[in-house]
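One file, start_39.cif, is given below (mmCIF, C-alpha atoms).
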```
data_start
#
loop_
_atom_site.group_PDB
_atom_site.id
_atom_site.type_symbol
_atom_site.label_atom_id
_atom_site.label_comp_id
_atom_site.auth_asym_id
_atom_site.auth_seq_id
_atom_site.Cartn_x
_atom_site.Cartn_y
_atom_site.Cartn_z
ATOM 1 C CA MET Z 11 12.753 2.823 -16.771
ATOM 2 C CA HIS Z 12 12.237 4.829 -13.628
ATOM 3 C CA SER Z 13 14.726 7.300 -12.211
ATOM 4 C CA PHE Z 14 15.940 7.765 -8.673
ATOM 5 C CA ALA Z 15 14.099 11.119 -8.589
ATOM 6 C CA ASP Z 16 10.832 9.285 -9.419
ATOM 7 C CA LEU Z 17 11.472 6.922 -6.526
ATOM 8 C CA LEU Z 18 12.191 9.762 -4.108
ATOM 9 C CA LEU Z 19 9.073 11.679 -5.105
ATOM 10 C CA LEU Z 20 6.834 8.620 -4.871
ATOM 11 C CA SER Z 21 8.412 7.670 -1.531
ATOM 12 C CA GLY Z 22 7.735 11.140 -0.167
ATOM 13 C CA ILE Z 23 4.104 11.026 -1.280
ATOM 14 C CA LEU Z 24 3.643 7.570 0.216
ATOM 15 C CA ALA Z 25 5.359 8.530 3.485
ATOM 16 C CA THR Z 26 3.076 11.556 3.809
ATOM 17 C CA ALA Z 27 0.028 9.390 3.083
ATOM 18 C CA VAL Z 28 1.103 6.814 5.681
ATOM 19 C CA TYR Z 29 1.607 9.505 8.328
ATOM 20 C CA SER Z 30 -1.770 11.088 7.567
ATOM 21 C CA ASP Z 31 -3.594 7.755 7.522
ATOM 22 C CA LEU Z 32 -2.038 6.582 10.789
ATOM 23 C CA ARG Z 33 -2.612 9.926 12.497
ATOM 24 C CA TRP Z 34 -6.039 11.006 11.187
ATOM 25 C CA HIS Z 35 -7.352 7.947 9.280
ATOM 26 C CA ARG Z 36 -7.514 10.085 6.125
ATOM 27 C CA ILE Z 37 -5.449 10.408 2.981
ATOM 28 C CA PRO Z 38 -5.922 13.966 1.722
ATOM 29 C CA ASN Z 39 -7.308 14.379 -1.794
ATOM 30 C CA TRP Z 40 -4.649 16.986 -2.554
ATOM 31 C CA LEU Z 41 -1.943 14.396 -1.831
ATOM 32 C CA SER Z 42 -3.442 11.778 -4.149
ATOM 33 C CA LEU Z 43 -3.948 14.429 -6.826
ATOM 34 C CA LEU Z 44 -0.343 15.604 -6.403
ATOM 35 C CA GLY Z 45 0.813 12.005 -6.809
ATOM 36 C CA LEU Z 46 -1.321 11.485 -9.885
ATOM 37 C CA VAL Z 47 -0.160 14.702 -11.566
ATOM 38 C CA ALA Z 48 3.496 14.093 -10.633
ATOM 39 C CA GLY Z 49 3.380 10.509 -11.919
ATOM 40 C CA LEU Z 50 1.801 11.557 -15.199
ATOM 41 C CA ALA Z 51 4.248 14.454 -15.620
ATOM 42 C CA LEU Z 52 7.290 12.252 -14.956
ATOM 43 C CA GLN Z 53 5.999 9.537 -17.284
ATOM 44 C CA THR Z 54 5.391 12.141 -20.002
ATOM 45 C CA LEU Z 55 8.808 13.763 -19.544
ATOM 46 C CA ALA Z 56 10.550 10.410 -19.737
ATOM 47 C CA ASN Z 57 8.585 8.816 -22.584
ATOM 48 C CA GLY Z 58 6.435 11.454 -24.270
ATOM 49 C CA ALA Z 59 2.903 10.550 -25.304
ATOM 50 C CA HIS Z 60 3.590 6.861 -24.684
ATOM 51 C CA GLY Z 61 4.550 7.725 -21.094
ATOM 52 C CA MET Z 62 1.363 9.748 -20.610
ATOM 53 C CA VAL Z 63 -0.736 6.823 -21.848
ATOM 54 C CA SER Z 64 1.189 4.424 -19.625
ATOM 55 C CA GLY Z 65 0.626 6.663 -16.599
ATOM 56 C CA LEU Z 66 -3.084 7.000 -17.340
ATOM 57 C CA LEU Z 67 -3.432 3.241 -17.806
ATOM 58 C CA GLY Z 68 -1.521 2.661 -14.567
ATOM 59 C CA ALA Z 69 -3.853 5.002 -12.688
ATOM 60 C CA GLY Z 70 -6.828 3.205 -14.243
ATOM 61 C CA VAL Z 71 -5.504 -0.207 -13.233
ATOM 62 C CA GLY Z 72 -4.939 1.064 -9.694
ATOM 63 C CA LEU Z 73 -8.508 2.332 -9.538
ATOM 64 C CA ALA Z 74 -9.890 -0.876 -11.024
ATOM 65 C CA CYS Z 75 -7.965 -3.118 -8.610
ATOM 66 C CA PHE Z 76 -9.189 -1.388 -5.451
ATOM 67 C CA ALA Z 77 -12.629 -0.073 -6.528
ATOM 68 C CA PRO Z 78 -14.388 -3.363 -5.670
ATOM 69 C CA PHE Z 79 -13.058 -3.140 -2.102
ATOM 70 C CA TYR Z 80 -14.366 0.405 -1.843
ATOM 71 C CA LEU Z 81 -17.771 -0.651 -3.176
ATOM 72 C CA LEU Z 82 -17.881 -3.448 -0.584
ATOM 73 C CA ARG Z 83 -16.939 -0.911 2.132
ATOM 74 C CA ALA Z 84 -13.766 -2.834 2.889
ATOM 75 C CA MET Z 85 -11.540 0.096 1.924
ATOM 76 C CA GLY Z 86 -11.768 3.872 1.921
ATOM 77 C CA ALA Z 87 -11.827 6.081 -1.152
ATOM 78 C CA GLY Z 88 -8.471 7.605 -0.150
ATOM 79 C CA ASP Z 89 -6.819 4.198 -0.430
ATOM 80 C CA VAL Z 90 -8.232 3.714 -3.933
ATOM 81 C CA LYS Z 91 -7.055 7.167 -5.039
ATOM 82 C CA LEU Z 92 -3.600 6.603 -3.512
ATOM 83 C CA LEU Z 93 -3.128 3.400 -5.500
ATOM 84 C CA ALA Z 94 -4.207 5.271 -8.644
ATOM 85 C CA ALA Z 95 -1.445 7.791 -7.924
ATOM 86 C CA VAL Z 96 1.062 4.951 -7.467
ATOM 87 C CA GLY Z 97 -0.134 3.474 -10.754
ATOM 88 C CA SER Z 98 0.491 6.753 -12.573
ATOM 89 C CA PHE Z 99 4.178 6.433 -11.638
ATOM 90 C CA MET Z 100 4.437 2.750 -12.525
ATOM 91 C CA GLY Z 101 2.227 2.091 -15.534
ATOM 92 C CA PRO Z 102 -0.397 -0.653 -15.803
ATOM 93 C CA GLU Z 103 1.762 -3.677 -15.042
ATOM 94 C CA GLY Z 104 3.455 -1.961 -12.115
ATOM 95 C CA ALA Z 105 0.080 -0.810 -10.778
ATOM 96 C CA PHE Z 106 -1.192 -4.374 -10.855
ATOM 97 C CA TYR Z 107 1.889 -5.653 -9.003
ATOM 98 C CA ALA Z 108 1.581 -2.793 -6.510
ATOM 99 C CA ALA Z 109 -2.071 -3.698 -5.872
ATOM 100 C CA MET Z 110 -1.278 -7.389 -5.360
ATOM 101 C CA CYS Z 111 1.684 -6.644 -3.086
ATOM 102 C CA SER Z 112 -0.429 -4.117 -1.162
ATOM 103 C CA LEU Z 113 -3.150 -6.693 -0.601
ATOM 104 C CA LEU Z 114 -0.575 -9.224 0.610
ATOM 105 C CA ALA Z 115 1.005 -6.664 2.940
ATOM 106 C CA GLY Z 116 -2.424 -5.582 4.183
ATOM 107 C CA GLY Z 117 -3.470 -9.177 4.820
ATOM 108 C CA ALA Z 118 -0.278 -9.921 6.715
ATOM 109 C CA GLY Z 119 -0.689 -6.710 8.704
ATOM 110 C CA ALA Z 120 -4.307 -7.517 9.551
ATOM 111 C CA ILE Z 121 -3.402 -11.020 10.727
ATOM 112 C CA GLY Z 122 -0.563 -9.579 12.810
ATOM 113 C CA TYR Z 123 -2.895 -6.974 14.308
ATOM 114 C CA VAL Z 124 -5.527 -9.560 15.286
ATOM 115 C CA LEU Z 125 -2.858 -11.817 16.793
ATOM 116 C CA TRP Z 126 -1.377 -8.895 18.729
ATOM 117 C CA ARG Z 127 -4.814 -7.983 20.148
ATOM 118 C CA VAL Z 128 -5.491 -11.627 21.084
ATOM 119 C CA VAL Z 129 -2.118 -12.125 22.778
ATOM 120 C CA ARG Z 130 -2.373 -8.801 24.606
ATOM 121 C CA ALA Z 131 -5.881 -9.643 25.878
ATOM 122 C CA ALA Z 132 -4.848 -13.173 26.841
ATOM 123 C CA ILE Z 133 -1.837 -11.991 28.828
ATOM 124 C CA SER Z 134 -3.824 -9.244 30.546
ATOM 125 C CA THR Z 135 -6.596 -11.697 31.442
ATOM 126 C CA LEU Z 136 -4.115 -14.303 32.626
ATOM 127 C CA VAL Z 137 -2.490 -11.797 34.984
ATOM 128 C CA GLN Z 138 -5.777 -10.367 36.271
ATOM 129 C CA GLU Z 139 -8.213 -13.297 36.276
ATOM 130 C CA GLY Z 140 -6.276 -16.517 35.771
ATOM 131 C CA LEU Z 141 -5.992 -19.199 33.137
ATOM 132 C CA ALA Z 142 -9.683 -20.156 33.045
ATOM 133 C CA ALA Z 143 -10.749 -16.789 31.552
ATOM 134 C CA VAL Z 144 -8.018 -16.553 28.876
ATOM 135 C CA GLY Z 145 -9.881 -18.377 26.095
ATOM 136 C CA ALA Z 146 -13.026 -16.261 26.300
ATOM 137 C CA SER Z 147 -11.009 -13.060 26.518
ATOM 138 C CA ALA Z 148 -8.955 -14.007 23.459
ATOM 139 C CA LEU Z 149 -12.108 -14.771 21.432
ATOM 140 C CA VAL Z 150 -13.679 -11.440 22.377
ATOM 141 C CA ALA Z 151 -10.455 -9.593 21.493
ATOM 142 C CA ALA Z 152 -10.266 -11.352 18.113
ATOM 143 C CA GLY Z 153 -13.859 -10.399 17.321
ATOM 144 C CA ILE Z 154 -13.269 -6.770 18.226
ATOM 145 C CA ALA Z 155 -9.980 -6.615 16.295
ATOM 146 C CA ARG Z 156 -11.594 -8.054 13.145
ATOM 147 C CA ARG Z 157 -14.112 -5.190 13.104
ATOM 148 C CA ASP Z 158 -11.439 -2.485 13.396
ATOM 149 C CA ARG Z 159 -10.667 -0.520 10.219
ATOM 150 C CA LEU Z 160 -6.956 -0.510 9.707
ATOM 151 C CA PRO Z 161 -5.217 2.349 7.870
ATOM 152 C CA PHE Z 162 -4.272 0.930 4.467
ATOM 153 C CA ALA Z 163 -1.762 3.567 3.309
ATOM 154 C CA LEU Z 164 1.075 1.597 4.929
ATOM 155 C CA PRO Z 165 0.335 -1.615 2.967
ATOM 156 C CA ILE Z 166 -0.017 0.498 -0.198
ATOM 157 C CA ALA Z 167 3.406 2.033 0.487
ATOM 158 C CA VAL Z 168 4.923 -1.407 1.095
ATOM 159 C CA GLY Z 169 3.221 -2.807 -2.001
ATOM 160 C CA GLY Z 170 4.242 0.150 -4.154
ATOM 161 C CA MET Z 171 7.871 -0.089 -3.099
ATOM 162 C CA ALA Z 172 7.874 -3.888 -3.536
ATOM 163 C CA ALA Z 173 6.483 -3.505 -7.062
ATOM 164 C CA TRP Z 174 9.071 -0.810 -7.793
ATOM 165 C CA TRP Z 175 11.842 -3.126 -6.632
ATOM 166 C CA TYR Z 176 10.401 -5.958 -8.712
ATOM 167 C CA GLU Z 177 10.537 -3.760 -11.823
ATOM 168 C CA ILE Z 178 14.157 -2.842 -11.069
ATOM 169 C CA GLU Z 179 15.100 -6.497 -10.478
ATOM 170 C CA SER Z 180 13.424 -7.710 -13.642
ATOM 171 C CA SER Z 181 15.012 -4.980 -15.767
ATOM 172 C CA GLY Z 182 18.536 -6.088 -14.933
ATOM 173 C CA VAL Z 183 19.456 -2.760 -13.281
ATOM 174 C CA ALA Z 184 19.898 -4.389 -9.871
ATOM 175 C CA THR Z 185 22.335 -6.946 -11.313
ATOM 176 C CA TRP Z 186 24.265 -4.158 -13.012
ATOM 177 C CA LEU Z 187 24.373 -2.150 -9.764
ATOM 178 C CA ARG Z 188 25.769 -5.167 -7.919
ATOM 179 C CA GLY Z 189 28.571 -5.354 -10.482
ATOM 180 C CA GLY Z 190 27.168 -8.264 -12.470
ATOM 181 C CA HIS Z 191 26.415 -8.442 -16.152
ATOM 182 C CA THR Z 192 22.961 -8.190 -17.726
#
```

Output the file's structure as structure tokens, nothing else.
Amino acid sequence: MHSFADLLLLSGILATAVYSDLRWHRIPNWLSLLGLVAGLALQTLANGAHGMVSGLLGAGVGLACFAPFYLLRAMGAGDVKLLAAVGSFMGPEGAFYAAMCSLLAGGAGAIGYVLWRVVRAAISTLVQEGLAAVGASALVAAGIARRDRLPFALPIAVGGMAAWWYEIESSGVATWLRGGHT
């Protein structure tokens, strides 16, 4: 079971990674390393050797889930290392859920980004050139938007927090907090 302090520390690491990725398109190695070490330390403090193994397995699952995307050049190395850090906090099952939720959040974000670029281009073209040019402008905007590399720390943060919440919900803690019975 994770503590509130674990959640705060992981949230702070993820928030810093999101800021850095949005601002500079980089997730610093020191931040991922800090996350990995902190996750392993907290796991070990809470559960001893079993916690250390769980944290290491979680980091490994995080690496394994995102490494293919890195090898295909669809994701940066910083994103892979950040998910490994998340996995060290959450263990192997939590790392897997975090990866899946991150991919869903990233996919939704990418679709939203392409749609935003298309709508923005279509409206701009409509105002400047008229209705006849809107279709071509929207297609060009969609093509350009699909080639853009989007910072992935935000989807990893969303996916990590969603997986964290899932673990809390499935453990019965959320029901207990709402005043129900487990």

Expand the PyMOL selection byres ((chain Z and resi 158) around 12) into the explicit residue set it covers here, and present it as a ChimeraX atom specification. /Z:35,84-85,120,123-124,127,151-157,159-162

Taking only C-alpha atoms into account, produce a table as a Markdown table in which each residue of range 87-109 of chain Z with an atom at most 9 Å from an atom of range 65-70 of chain Z appears once, together with its shortest atom pair and the distance in Å to one decimal, ordered by chain and rising number.
```
| residue | atom | partner | partner_atom | distance |
| --- | --- | --- | --- | --- |
| Z:Lys91 | CA | Z:Ala69 | CA | 8.6 |
| Z:Leu93 | CA | Z:Ala69 | CA | 7.4 |
| Z:Ala94 | CA | Z:Ala69 | CA | 4.1 |
| Z:Ala95 | CA | Z:Ala69 | CA | 6.0 |
| Z:Val96 | CA | Z:Ala69 | CA | 7.2 |
| Z:Gly97 | CA | Z:Gly68 | CA | 4.1 |
| Z:Ser98 | CA | Z:Gly65 | CA | 4.0 |
| Z:Phe99 | CA | Z:Gly65 | CA | 6.1 |
| Z:Met100 | CA | Z:Gly68 | CA | 6.3 |
| Z:Gly101 | CA | Z:Gly68 | CA | 3.9 |
| Z:Pro102 | CA | Z:Gly68 | CA | 3.7 |
| Z:Glu103 | CA | Z:Gly68 | CA | 7.2 |
| Z:Gly104 | CA | Z:Gly68 | CA | 7.2 |
| Z:Ala105 | CA | Z:Gly68 | CA | 5.4 |
| Z:Phe106 | CA | Z:Gly68 | CA | 8.0 |
```

Between CA of Ser112 in chain Z and CA of Gly170 in chain Z, what is the distance, to one decimal in Å?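 These atoms are spaced 7.0 Å apart.
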
Scan for residues within 12 Å of the point (-7.5, -5.6, 28.2) in the coordinates of the file, using all atoms listed in the file, and reply as an NGL selection string. :Z and (126-139 or 144 or 147-148 or 150-152 or 154)

For the PyMOL selection byres ((chain Z and resi 52) around 12), applied here, can you spell out every residue it catches as a ChimeraX atom specification? /Z:11-17,19-20,44-51,53-66,98-101

Among listed residues Z:Leu82, Z:Val90, Z:Ala173, Z:Ala163, nearest Thr26 in chain Z (using only C-alpha atoms):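 Smallest distance to Thr26 in chain Z is found for Z:Ala163.
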
Shortest interatomic distance to Ala27 in chain Z - which of Z:Leu164, Z:Cys111, Z:Ala172, Z:Val71, counting all atoms listed in the file: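 Looking only at the distances to Ala27 in chain Z, the closest residue turns out to be Z:Leu164.
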
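Here CA of Gly72 in chain Z is placed at a distance of 12.1 Å from CA of Gly88 in chain Z.
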
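CA of Gly86 in chain Z sits 27.0 Å away from CA of Leu149 in chain Z.
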
Using all atoms of range 139-153 of chain Z listed in the file and a margin of 4 Å per side, can you give the axis-aligned box centre and edge lengths in Å to one decimal, as AutoDock Vina command-line options?
```
--center_x -9.9 --center_y -14.9 --center_z 26.8 --size_x 15.9 --size_y 18.6 --size_z 27.0
```

Taking only C-alpha atoms into account, which of Z:Ile166, Z:Cys75, Z:Leu24, Z:Leu141 comes nearest Ala115 in chain Z?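 Of Z:Ile166, Z:Cys75, Z:Leu24, Z:Leu141, the one nearest Ala115 in chain Z, counting only C-alpha atoms, is Z:Ile166.
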